[in-house]
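Asks: The structure under discussion is supplied below as structure tokens; questions concerning it will follow.
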Amino acid sequence: MQNLSVLAAQWVAPSVDYHGLAPELVVAGGLCLVLILDLFIDDRKKWLLSVISSFTLLAAMIPVLTLALSDVQVRSMFDGRYVVDNFSLVMKGVFLLSGYVVVLLSSSHVEEGEYWRGEYWFLLLSSLLGMLMMTSSRDLVSIFVALEFLSIPAYMLAAWRKRDTKSNEAGVKYFMLGVFASAVMLYGMSLLYGVTNSTLLVDVASQVTGTGEFSAVHALAVVFVVVGFAFKVSAVPFHTWAPDTYEGAPAPVTAFLSVASKAAGFVALVVLIYTAFPLAHDIWQPFFWGLSALTMTVGNVLALKQHNIVRMIAYSSISQGGFVLMPLAVAGMSGSANSALRSVVLYMIIYAATNLGVFAVILAVSRKTRSGEISSFGGLFSYAPALGVLMTLFMASLAGIPPLGGWIAKFVAFQSLLSSQSSWAYGLALIGAVNSVIAFGYYGNVMREIWMRPVPDGDITQIKIPGSLTLALGITSVATLVFGIFPAIGLHFADLAEIAGALSR
Amino acid sequence: MFVNQFLFLGAILFCIGVYGVVARKNAVLMLMSIEIILNSVNINLLTFALRNSSTDGHVFALYIIAVAAAEVGVGLGLVLLVYRNKKTISIDDLSEMRG
């Protein structure tokens, strides 16, 4: 107690950089507004809430842009526990824009469902706020709080259809495994705090060294923390929740989980291995090697035998996660640390654009067919040529066919692996190459349905696409094309020298 | 200070919690097992904070207590939802989706 009172006497209020916090403050204000307005406005005017949510996300992009253009490169707050640097700004932009596209995807879906509309927008915005915080957190406590902040609303979103037992099942499975994973991660963090006597990532890094005194506790702590986030990115063998949750949750929520929530897990992993464990690469490099090889292979093989389109996309997103993890297996080597960071960031940007596009097409088609089967895409080109072409584009991008975005993402990932010049990296690159070929099996299957199969039941009525969905399709398809044809644009955003606070190697 | 004894207690509680999550099929018992893991984390943090005479561990433990309360609130809400629709809280009965 004495210790505490001594510290209390020394306490001074920290200086807060409000410009640096502006994106978070805008989103926080927007979500409070949505929550309060939901109580007072008439049921027929609830569509206003989706408009407010989308404008909140666009308004939060303004401070992100002014911060990116300002002269201050790194804004460090609270003794370096909350840092706004180029990495966090790029990821904030990705989260805000993918959140905006998810709002566009949801608005017609939510309006037609007669469900709890106000709560939906509130939960979506709170989860996004947690993701914005995750990009800037450089302390074990703030990483934990950001993780729970983004996860807890996501559990509720997955179970959002209260009367639908599938949605309940999705929510409960996601919740149980997610909470268990964060509990295991916390145990790892407590050990990490014990051996390093600090929760600040930079201090942790200076204590967790790869030279000499490396105890079993260090190894256990690092592995437990990484396992906690492996659940979040649904890496095999911690993926069991993903297919069931993706299939059972409402489709726009699935889009959100498979893109934004997954990217948040990768952000946390990247921040941890670059700022907290850069010298412990002997532990996490082999771990990521195995995780990446398993994730790519198992995700692909299971995706091959799926009949439900959302379930197939769930397994495909697991295997795409393996490709994101791939360069992390060499991120500890001095020659390839920067290229691995670039590859992870670029892959996340392009994957977000493409996968959101896939969900926009799925939502548009299911408005007519009311079915989740892959066969319901039969003959799509004959009655909705635009949707057919767009779905082919997104599938080709996920499969990695030039000149689309997915190709350049995979190219940079392989380049990063090969630049490390180690035989382990060559082995992983080989596994990745084989998997890209296997993946073409199920992506090609969808294309064959669209172009070559007859329309089921011969029903060729037109699909009415609401305006918001058209806008979402436009944004995602343009992004997928532009990143592929002009790779320099994507690389410009992904070319980050390093994460602020990381030990220089 | 009996640092080892407290850490040992934390490790035992962690193992009991993990066993509970893996072995139990009742959703409420699984939630309780997760709480046991979180308490083992708190014991660890407080022990390390006292040994290193720093306050970071105390602060971390307070955050964990607060966030765990929010987590369990959501968890019990989800369990109640399942009970209303299916009249069961066994995890094994949640198997509509497979493959």
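Order determines the names: the first chain of the structure tokens is A, the second B, and so forth; residues in each chain are numbered 1 upward, and ligands are numbered 1 upward as they are shown.
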Hey, could you make a per-residue contact list for chain A against chain B with 9 Å as the cut-off, showing the nearest pair of atoms and its distance in Å to one decimal, counting only C-alpha atoms, sorted by chain and number, as CSV?
Replies:
```
residue,atom,partner,partner_atom,distance
A:Asn3,CA,B:Ser53,CA,7.9
A:Leu4,CA,B:Thr55,CA,7.3
A:Leu7,CA,B:Thr55,CA,8.9
A:Leu140,CA,B:Phe60,CA,8.6
A:Val141,CA,B:Phe60,CA,6.1
A:Phe144,CA,B:Ile64,CA,8.6
A:Val145,CA,B:Val67,CA,7.6
A:Glu148,CA,B:Val67,CA,7.4
A:Phe149,CA,B:Val67,CA,8.9
A:Ile152,CA,B:Glu71,CA,6.8
A:Pro153,CA,B:Val74,CA,8.9
A:Tyr155,CA,B:Val74,CA,8.1
A:Met156,CA,B:Val74,CA,7.4
A:Ala159,CA,B:Leu78,CA,7.6
A:Lys162,CA,B:Leu81,CA,7.0
A:Arg163,CA,B:Asn85,CA,7.0
A:Asp164,CA,B:Asn85,CA,8.1
A:Thr165,CA,B:Asn85,CA,6.7
A:Lys166,CA,B:Glu96,CA,6.8
A:Asn168,CA,B:Val82,CA,6.1
A:Glu169,CA,B:Leu94,CA,5.8
A:Gly171,CA,B:Leu78,CA,7.2
A:Val172,CA,B:Leu78,CA,6.2
A:Lys173,CA,B:Leu94,CA,8.5
A:Phe175,CA,B:Gly75,CA,7.0
A:Met176,CA,B:Leu31,CA,7.7
A:Val179,CA,B:Ile34,CA,7.4
A:Phe180,CA,B:Ile34,CA,6.2
A:Ala183,CA,B:Leu38,CA,6.0
A:Val184,CA,B:Ile37,CA,7.7
A:Leu186,CA,B:Val41,CA,6.5
A:Tyr187,CA,B:Val41,CA,5.2
A:Gly188,CA,B:Val41,CA,8.7
A:Met189,CA,B:Val41,CA,8.6
A:Ser190,CA,B:Leu45,CA,5.5
A:Leu191,CA,B:Asn44,CA,7.5
A:Tyr193,CA,B:Leu45,CA,7.5
A:Gly194,CA,B:Phe48,CA,5.1
A:Val195,CA,B:Phe48,CA,8.5
A:Asn197,CA,B:Asn52,CA,6.5
A:Ser198,CA,B:Asp56,CA,7.1
A:Thr199,CA,B:Asp56,CA,7.0
A:Pro243,CA,B:Gly99,CA,8.5
A:Asp244,CA,B:Met97,CA,6.1
A:Glu247,CA,B:Met97,CA,7.9
A:Gly248,CA,B:Met97,CA,7.9
A:Leu302,CA,B:Gly99,CA,8.2
A:Lys305,CA,B:Gly99,CA,8.7
A:Gln306,CA,B:Gly99,CA,7.7
A:Arg311,CA,B:Gly99,CA,8.9
```
Asks: Could the residues in this selection be saved with N, CA and C atoms as a short mmCIF file (atom, residue, chain, number, x, y, z; two decimals), in the first residue's frame?
Replies:
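What ended up in selection.cif:
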```cif
data_model
loop_
_atom_site.label_atom_id
_atom_site.label_comp_id
_atom_site.auth_asym_id
_atom_site.auth_seq_id
_atom_site.Cartn_x
_atom_site.Cartn_y
_atom_site.Cartn_z
N ASN A 3 3.73 1.60 -1.21
CA ASN A 3 4.23 1.75 -2.56
C ASN A 3 3.26 2.56 -3.44
N LEU A 4 1.98 2.21 -3.30
CA LEU A 4 0.95 2.88 -4.11
C LEU A 4 0.84 4.34 -3.76
N LEU A 7 3.61 6.37 -5.18
CA LEU A 7 3.43 6.60 -6.61
C LEU A 7 2.33 7.60 -6.88
N LEU A 140 0.96 -4.44 -23.21
CA LEU A 140 0.19 -5.67 -23.05
C LEU A 140 -1.24 -5.38 -22.59
N VAL A 141 -1.38 -4.40 -21.65
CA VAL A 141 -2.72 -4.12 -21.13
C VAL A 141 -3.61 -3.54 -22.22
N PHE A 144 -4.66 -6.15 -24.71
CA PHE A 144 -5.72 -7.00 -24.17
C PHE A 144 -7.07 -6.29 -24.19
N VAL A 145 -7.08 -5.02 -23.76
CA VAL A 145 -8.35 -4.28 -23.73
C VAL A 145 -8.89 -4.10 -25.15
N GLU A 148 -10.42 -7.38 -26.42
CA GLU A 148 -11.75 -7.67 -25.89
C GLU A 148 -12.77 -6.68 -26.45
N PHE A 149 -12.33 -5.45 -26.66
CA PHE A 149 -13.22 -4.42 -27.17
C PHE A 149 -13.70 -4.78 -28.57
N ILE A 152 -15.87 -8.72 -28.08
CA ILE A 152 -17.15 -8.90 -27.39
C ILE A 152 -18.33 -8.44 -28.26
N PRO A 153 -18.27 -7.27 -28.93
CA PRO A 153 -19.38 -6.93 -29.84
C PRO A 153 -19.48 -7.93 -30.99
N TYR A 155 -18.95 -11.18 -30.86
CA TYR A 155 -19.71 -12.35 -30.40
C TYR A 155 -21.20 -12.08 -30.51
N MET A 156 -21.59 -10.86 -30.09
CA MET A 156 -23.03 -10.53 -30.11
C MET A 156 -23.53 -10.41 -31.54
N ALA A 159 -24.39 -13.75 -33.05
CA ALA A 159 -25.64 -14.33 -32.56
C ALA A 159 -26.80 -13.36 -32.74
N LYS A 162 -31.70 -13.53 -33.13
CA LYS A 162 -31.99 -14.19 -31.85
C LYS A 162 -32.83 -15.45 -32.01
N ARG A 163 -33.78 -15.45 -32.97
CA ARG A 163 -34.69 -16.59 -33.07
C ARG A 163 -34.14 -17.73 -33.91
N ASP A 164 -33.02 -17.48 -34.58
CA ASP A 164 -32.45 -18.47 -35.50
C ASP A 164 -31.44 -19.33 -34.74
N THR A 165 -31.72 -20.65 -34.65
CA THR A 165 -30.83 -21.50 -33.84
C THR A 165 -29.43 -21.59 -34.45
N LYS A 166 -29.33 -21.46 -35.78
CA LYS A 166 -28.00 -21.50 -36.40
C LYS A 166 -27.17 -20.31 -35.95
N ASN A 168 -27.58 -18.63 -33.16
CA ASN A 168 -27.22 -18.87 -31.75
C ASN A 168 -25.98 -19.73 -31.66
N GLU A 169 -26.02 -20.83 -32.45
CA GLU A 169 -24.90 -21.77 -32.42
C GLU A 169 -23.61 -21.08 -32.83
N GLY A 171 -22.86 -17.91 -32.54
CA GLY A 171 -22.41 -17.01 -31.49
C GLY A 171 -21.77 -17.76 -30.34
N VAL A 172 -22.41 -18.86 -29.89
CA VAL A 172 -21.89 -19.57 -28.73
C VAL A 172 -20.54 -20.20 -29.04
N LYS A 173 -20.39 -20.79 -30.24
CA LYS A 173 -19.11 -21.42 -30.58
C LYS A 173 -18.00 -20.37 -30.65
N PHE A 175 -17.96 -17.47 -29.16
CA PHE A 175 -17.70 -16.93 -27.83
C PHE A 175 -16.82 -17.87 -27.01
N MET A 176 -17.22 -19.16 -26.96
CA MET A 176 -16.51 -20.10 -26.08
C MET A 176 -15.04 -20.19 -26.49
N VAL A 179 -13.14 -16.70 -25.99
CA VAL A 179 -12.82 -16.35 -24.61
C VAL A 179 -11.75 -17.28 -24.06
N PHE A 180 -11.84 -18.57 -24.44
CA PHE A 180 -10.81 -19.51 -23.99
C PHE A 180 -9.45 -19.08 -24.52
N ALA A 183 -8.14 -16.17 -22.65
CA ALA A 183 -7.67 -16.54 -21.31
C ALA A 183 -6.28 -17.16 -21.38
N VAL A 184 -6.05 -18.03 -22.38
CA VAL A 184 -4.72 -18.64 -22.54
C VAL A 184 -3.69 -17.55 -22.85
N LEU A 186 -3.84 -14.45 -21.94
CA LEU A 186 -3.59 -13.69 -20.71
C LEU A 186 -2.60 -14.41 -19.81
N TYR A 187 -2.71 -15.75 -19.75
CA TYR A 187 -1.75 -16.49 -18.93
C TYR A 187 -0.34 -16.28 -19.48
N GLY A 188 -0.22 -16.32 -20.80
CA GLY A 188 1.08 -16.03 -21.40
C GLY A 188 1.55 -14.62 -21.08
N MET A 189 0.62 -13.66 -21.12
CA MET A 189 1.01 -12.27 -20.82
C MET A 189 1.45 -12.14 -19.36
N SER A 190 0.79 -12.87 -18.43
CA SER A 190 1.19 -12.76 -17.03
C SER A 190 2.60 -13.32 -16.85
N LEU A 191 2.92 -14.41 -17.55
CA LEU A 191 4.29 -14.94 -17.47
C LEU A 191 5.27 -13.94 -18.07
N TYR A 193 4.98 -10.72 -18.20
CA TYR A 193 5.16 -9.63 -17.23
C TYR A 193 6.08 -10.09 -16.11
N GLY A 194 5.92 -11.35 -15.70
CA GLY A 194 6.74 -11.85 -14.60
C GLY A 194 8.22 -11.88 -14.94
N VAL A 195 8.56 -12.34 -16.15
CA VAL A 195 9.99 -12.47 -16.47
C VAL A 195 10.59 -11.16 -16.94
N ASN A 197 9.17 -7.90 -16.03
CA ASN A 197 8.84 -6.83 -15.10
C ASN A 197 8.35 -5.57 -15.81
N SER A 198 7.67 -5.73 -16.95
CA SER A 198 7.09 -4.57 -17.61
C SER A 198 5.96 -5.03 -18.51
N THR A 199 5.01 -4.15 -18.75
CA THR A 199 3.97 -4.48 -19.72
C THR A 199 4.17 -3.70 -21.01
N PRO A 243 -15.60 -22.13 -39.56
CA PRO A 243 -16.63 -22.49 -40.55
C PRO A 243 -18.04 -22.40 -39.98
N ASP A 244 -18.25 -22.90 -38.76
CA ASP A 244 -19.59 -22.88 -38.18
C ASP A 244 -20.06 -21.45 -37.92
N GLU A 247 -20.84 -19.71 -41.25
CA GLU A 247 -22.06 -20.17 -41.91
C GLU A 247 -23.30 -19.70 -41.15
N GLY A 248 -23.25 -19.73 -39.81
CA GLY A 248 -24.44 -19.44 -39.03
C GLY A 248 -24.72 -17.96 -38.86
N LEU A 302 -10.11 -28.89 -47.08
CA LEU A 302 -11.50 -28.94 -46.62
C LEU A 302 -12.41 -28.08 -47.49
N LYS A 305 -14.36 -29.79 -50.63
CA LYS A 305 -15.54 -30.65 -50.59
C LYS A 305 -16.79 -29.93 -50.08
N GLN A 306 -16.78 -28.56 -50.07
CA GLN A 306 -17.93 -27.84 -49.55
C GLN A 306 -18.99 -27.61 -50.63
N ARG A 311 -19.66 -21.45 -46.51
CA ARG A 311 -18.75 -22.37 -45.83
C ARG A 311 -17.46 -22.54 -46.65
#
```
Asks: So that I can see what lies close to segment 330-340 of chain A, please list as a PyMOL selection string the residues with an atom at most 6 Å from it, counting only C-alpha atoms and leaving out residues fewer than 3 positions away in the same chain.
Replies: chain A and resi 281+327+343+416+420
Asks: Can you write out the residues you just picked, keeping N, CA and C atoms, as a short mmCIF file (atom, residue, chain, number, x, y, z; two decimals), in the first residue's frame?
Replies:
```
data_model
loop_
_atom_site.label_atom_id
_atom_site.label_comp_id
_atom_site.auth_asym_id
_atom_site.auth_seq_id
_atom_site.Cartn_x
_atom_site.Cartn_y
_atom_site.Cartn_z
N HIS A 281 13.15 -14.82 -32.01
CA HIS A 281 12.68 -15.45 -33.25
C HIS A 281 12.95 -16.93 -33.30
N PRO A 327 5.07 -15.18 -44.67
CA PRO A 327 6.31 -14.42 -44.51
C PRO A 327 6.73 -14.23 -43.06
N SER A 343 4.84 -7.47 -46.91
CA SER A 343 3.99 -8.49 -47.50
C SER A 343 2.71 -8.69 -46.68
N SER A 416 9.20 -12.32 -50.44
CA SER A 416 9.75 -12.13 -49.10
C SER A 416 10.36 -13.43 -48.59
N SER A 420 14.91 -14.53 -48.08
CA SER A 420 15.61 -14.89 -46.84
C SER A 420 16.69 -15.94 -47.10
#
```
Asks: I need the residues in segment 174-240 of chain A that are alpha helix (DSSP H) according to DSSP; give them as JSON, numbers by chain.
Replies: {"A": [174, 175, 176, 177, 178, 179, 180, 181, 182, 183, 184, 185, 186, 187, 188, 189, 190, 191, 192, 193, 194, 195, 196, 201, 202, 203, 204, 205, 206, 207, 216, 217, 218, 219, 220, 221, 222, 223, 224, 225, 226, 227, 228, 229, 230, 231, 232]}
Asks: Using only C-alpha atoms, which of B:Met32, B:Asn26, B:Gly20, B:Leu50 sits nearest Phe6 of chain B?
Replies: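 So, comparing all the options, the nearest one is B:Leu50.
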Asks: Using only C-alpha atoms, determine which residues lie at most 10 Å from Tyr120 of chain A, disregarding the query and same-chain residues fewer than 6 positions distant; provide the list as an NGL selection string.
Replies: :A and (34-35 or 49-50 or 106 or 110 or 153 or 156-157 or 160 or 253)
Asks: Please produce an output containing C-alpha atoms for each residue in the selection, written as a compact mmCIF listing (two decimals), in the first residue's frame.
Replies:
```
# COMPACT_ATOMS: atom_id res chain seq x y z
CA VAL A 34 -26.34 5.86 -32.78
CA LEU A 35 -27.08 4.30 -29.40
CA LEU A 49 -28.83 4.96 -38.27
CA SER A 50 -27.08 3.22 -41.15
CA SER A 106 -25.53 -4.58 -44.30
CA VAL A 110 -30.62 -5.17 -41.90
CA PRO A 153 -19.38 -6.93 -29.84
CA MET A 156 -23.03 -10.53 -30.11
CA LEU A 157 -23.11 -9.72 -33.83
CA TRP A 160 -27.60 -11.32 -33.78
CA VAL A 253 -21.42 -10.09 -40.17
```
Asks: Neighbours of Val310 of chain A within 12 Å (only C-alpha atoms; same-chain residues fewer than 2 positions away dropped), as a PDB file with C-alpha atoms, in the first residue's frame?
Replies:
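The result, stored in around-v9.pdb:
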```
ATOM      1  CA  ALA A 242     -14.540 -20.413 -38.072  1.00  0.00           C
ATOM      2  CA  PRO A 243     -16.628 -22.495 -40.546  1.00  0.00           C
ATOM      3  CA  ASP A 244     -19.594 -22.875 -38.182  1.00  0.00           C
ATOM      4  CA  THR A 245     -19.552 -19.242 -37.113  1.00  0.00           C
ATOM      5  CA  TYR A 246     -19.206 -17.985 -40.680  1.00  0.00           C
ATOM      6  CA  GLU A 247     -22.063 -20.166 -41.907  1.00  0.00           C
ATOM      7  CA  GLY A 248     -24.438 -19.437 -39.026  1.00  0.00           C
ATOM      8  CA  ALA A 249     -23.874 -15.700 -38.599  1.00  0.00           C
ATOM      9  CA  PRO A 250     -25.783 -13.202 -40.786  1.00  0.00           C
ATOM     10  CA  ALA A 251     -23.911 -12.792 -44.101  1.00  0.00           C
ATOM     11  CA  PRO A 252     -22.730  -9.156 -43.622  1.00  0.00           C
ATOM     12  CA  VAL A 253     -21.419 -10.093 -40.169  1.00  0.00           C
ATOM     13  CA  THR A 254     -19.525 -12.981 -41.756  1.00  0.00           C
ATOM     14  CA  ALA A 255     -17.974 -10.510 -44.197  1.00  0.00           C
ATOM     15  CA  SER A 258     -13.601 -12.763 -42.165  1.00  0.00           C
ATOM     16  CA  ALA A 303     -12.691 -26.142 -48.935  1.00  0.00           C
ATOM     17  CA  GLN A 306     -17.934 -27.840 -49.546  1.00  0.00           C
ATOM     18  CA  HIS A 307     -21.359 -27.354 -51.133  1.00  0.00           C
ATOM     19  CA  ASN A 308     -22.362 -24.214 -49.248  1.00  0.00           C
ATOM     20  CA  MET A 312     -16.431 -22.676 -48.828  1.00  0.00           C
ATOM     21  CA  ILE A 313     -15.440 -19.007 -48.447  1.00  0.00           C
ATOM     22  CA  ALA A 314     -14.847 -19.680 -44.733  1.00  0.00           C
ATOM     23  CA  TYR A 315     -12.320 -22.418 -45.530  1.00  0.00           C
ATOM     24  CA  SER A 316     -10.864 -20.296 -48.320  1.00  0.00           C
ATOM     25  CA  SER A 317     -10.345 -17.438 -45.857  1.00  0.00           C
ATOM     26  CA  ASN A 355     -13.207 -10.840 -49.904  1.00  0.00           C
ATOM     27  CA  VAL A 358     -17.126 -11.797 -52.822  1.00  0.00           C
ATOM     28  CA  PHE A 359     -19.620 -11.217 -50.005  1.00  0.00           C
ATOM     29  CA  ALA A 360     -21.258  -8.342 -51.904  1.00  0.00           C
ATOM     30  CA  VAL A 361     -21.913 -10.723 -54.837  1.00  0.00           C
ATOM     31  CA  ILE A 362     -23.119 -13.504 -52.511  1.00  0.00           C
ATOM     32  CA  LEU A 363     -25.562 -11.095 -50.826  1.00  0.00           C
ATOM     33  CA  SER A 366     -28.971 -14.694 -52.442  1.00  0.00           C
ATOM     34  CA  SER A 371     -30.028 -20.300 -51.119  1.00  0.00           C
ATOM     35  CA  GLY A 372     -26.497 -20.798 -49.870  1.00  0.00           C
ATOM     36  CA  GLU A 373     -25.569 -23.629 -52.220  1.00  0.00           C
ATOM     37  CA  ILE A 374     -22.769 -23.178 -54.757  1.00  0.00           C
ATOM     38  CA  VAL A 446     -17.630 -21.444 -58.761  1.00  0.00           C
TER      39      VAL A 446
END
```
Asks: Just how far from atom CA of Asn86 of chain A is atom CA of Ala68 of chain A, in Å to one decimal?
Replies: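 Result for atom CA of Ala68 of chain A versus atom CA of Asn86 of chain A: 7.1 Å, one decimal.
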Asks: Please, which residues of segment 36-152 of chain A, numbered as in this document, come out strand (DSSP E) from DSSP, as an mmCIF file with N, CA and C atoms, in the first residue's frame?
Replies:
```cif
data_model
loop_
_atom_site.group_PDB
_atom_site.id
_atom_site.type_symbol
_atom_site.label_atom_id
_atom_site.label_comp_id
_atom_site.auth_asym_id
_atom_site.auth_seq_id
_atom_site.Cartn_x
_atom_site.Cartn_y
_atom_site.Cartn_z
ATOM 1 N N ARG A 75 3.657 9.791 -33.263
ATOM 2 C CA ARG A 75 3.067 10.435 -32.092
ATOM 3 C C ARG A 75 2.961 9.394 -30.998
ATOM 4 N N SER A 76 3.677 9.611 -29.925
ATOM 5 C CA SER A 76 3.729 8.626 -28.858
ATOM 6 C C SER A 76 3.048 9.201 -27.617
ATOM 7 N N MET A 77 2.054 8.472 -27.117
ATOM 8 C CA MET A 77 1.313 8.967 -25.949
ATOM 9 C C MET A 77 1.460 8.003 -24.791
ATOM 10 N N TYR A 82 0.726 4.073 -26.348
ATOM 11 C CA TYR A 82 -0.244 4.262 -27.420
ATOM 12 C C TYR A 82 0.441 5.087 -28.497
ATOM 13 N N VAL A 83 0.715 4.474 -29.637
ATOM 14 C CA VAL A 83 1.570 5.107 -30.639
ATOM 15 C C VAL A 83 0.815 5.226 -31.958
ATOM 16 N N VAL A 84 0.857 6.421 -32.547
ATOM 17 C CA VAL A 84 0.291 6.601 -33.877
ATOM 18 C C VAL A 84 1.454 6.767 -34.845
#
```
Asks: Can you tell me how far atom CA of Ala425 of chain A sits from atom CA of Ala329 of chain A, in Å to one decimal?
Replies: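 Going from atom CA of Ala425 of chain A over to atom CA of Ala329 of chain A, I get 7.6 Å.
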Asks: Can you measure atom CA of Phe8 of chain B to atom CA of Leu29 of chain B for me? One decimal in Å is fine.
Replies: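 Interatomic distance, atom CA of Phe8 of chain B to atom CA of Leu29 of chain B: 23.4 Å.
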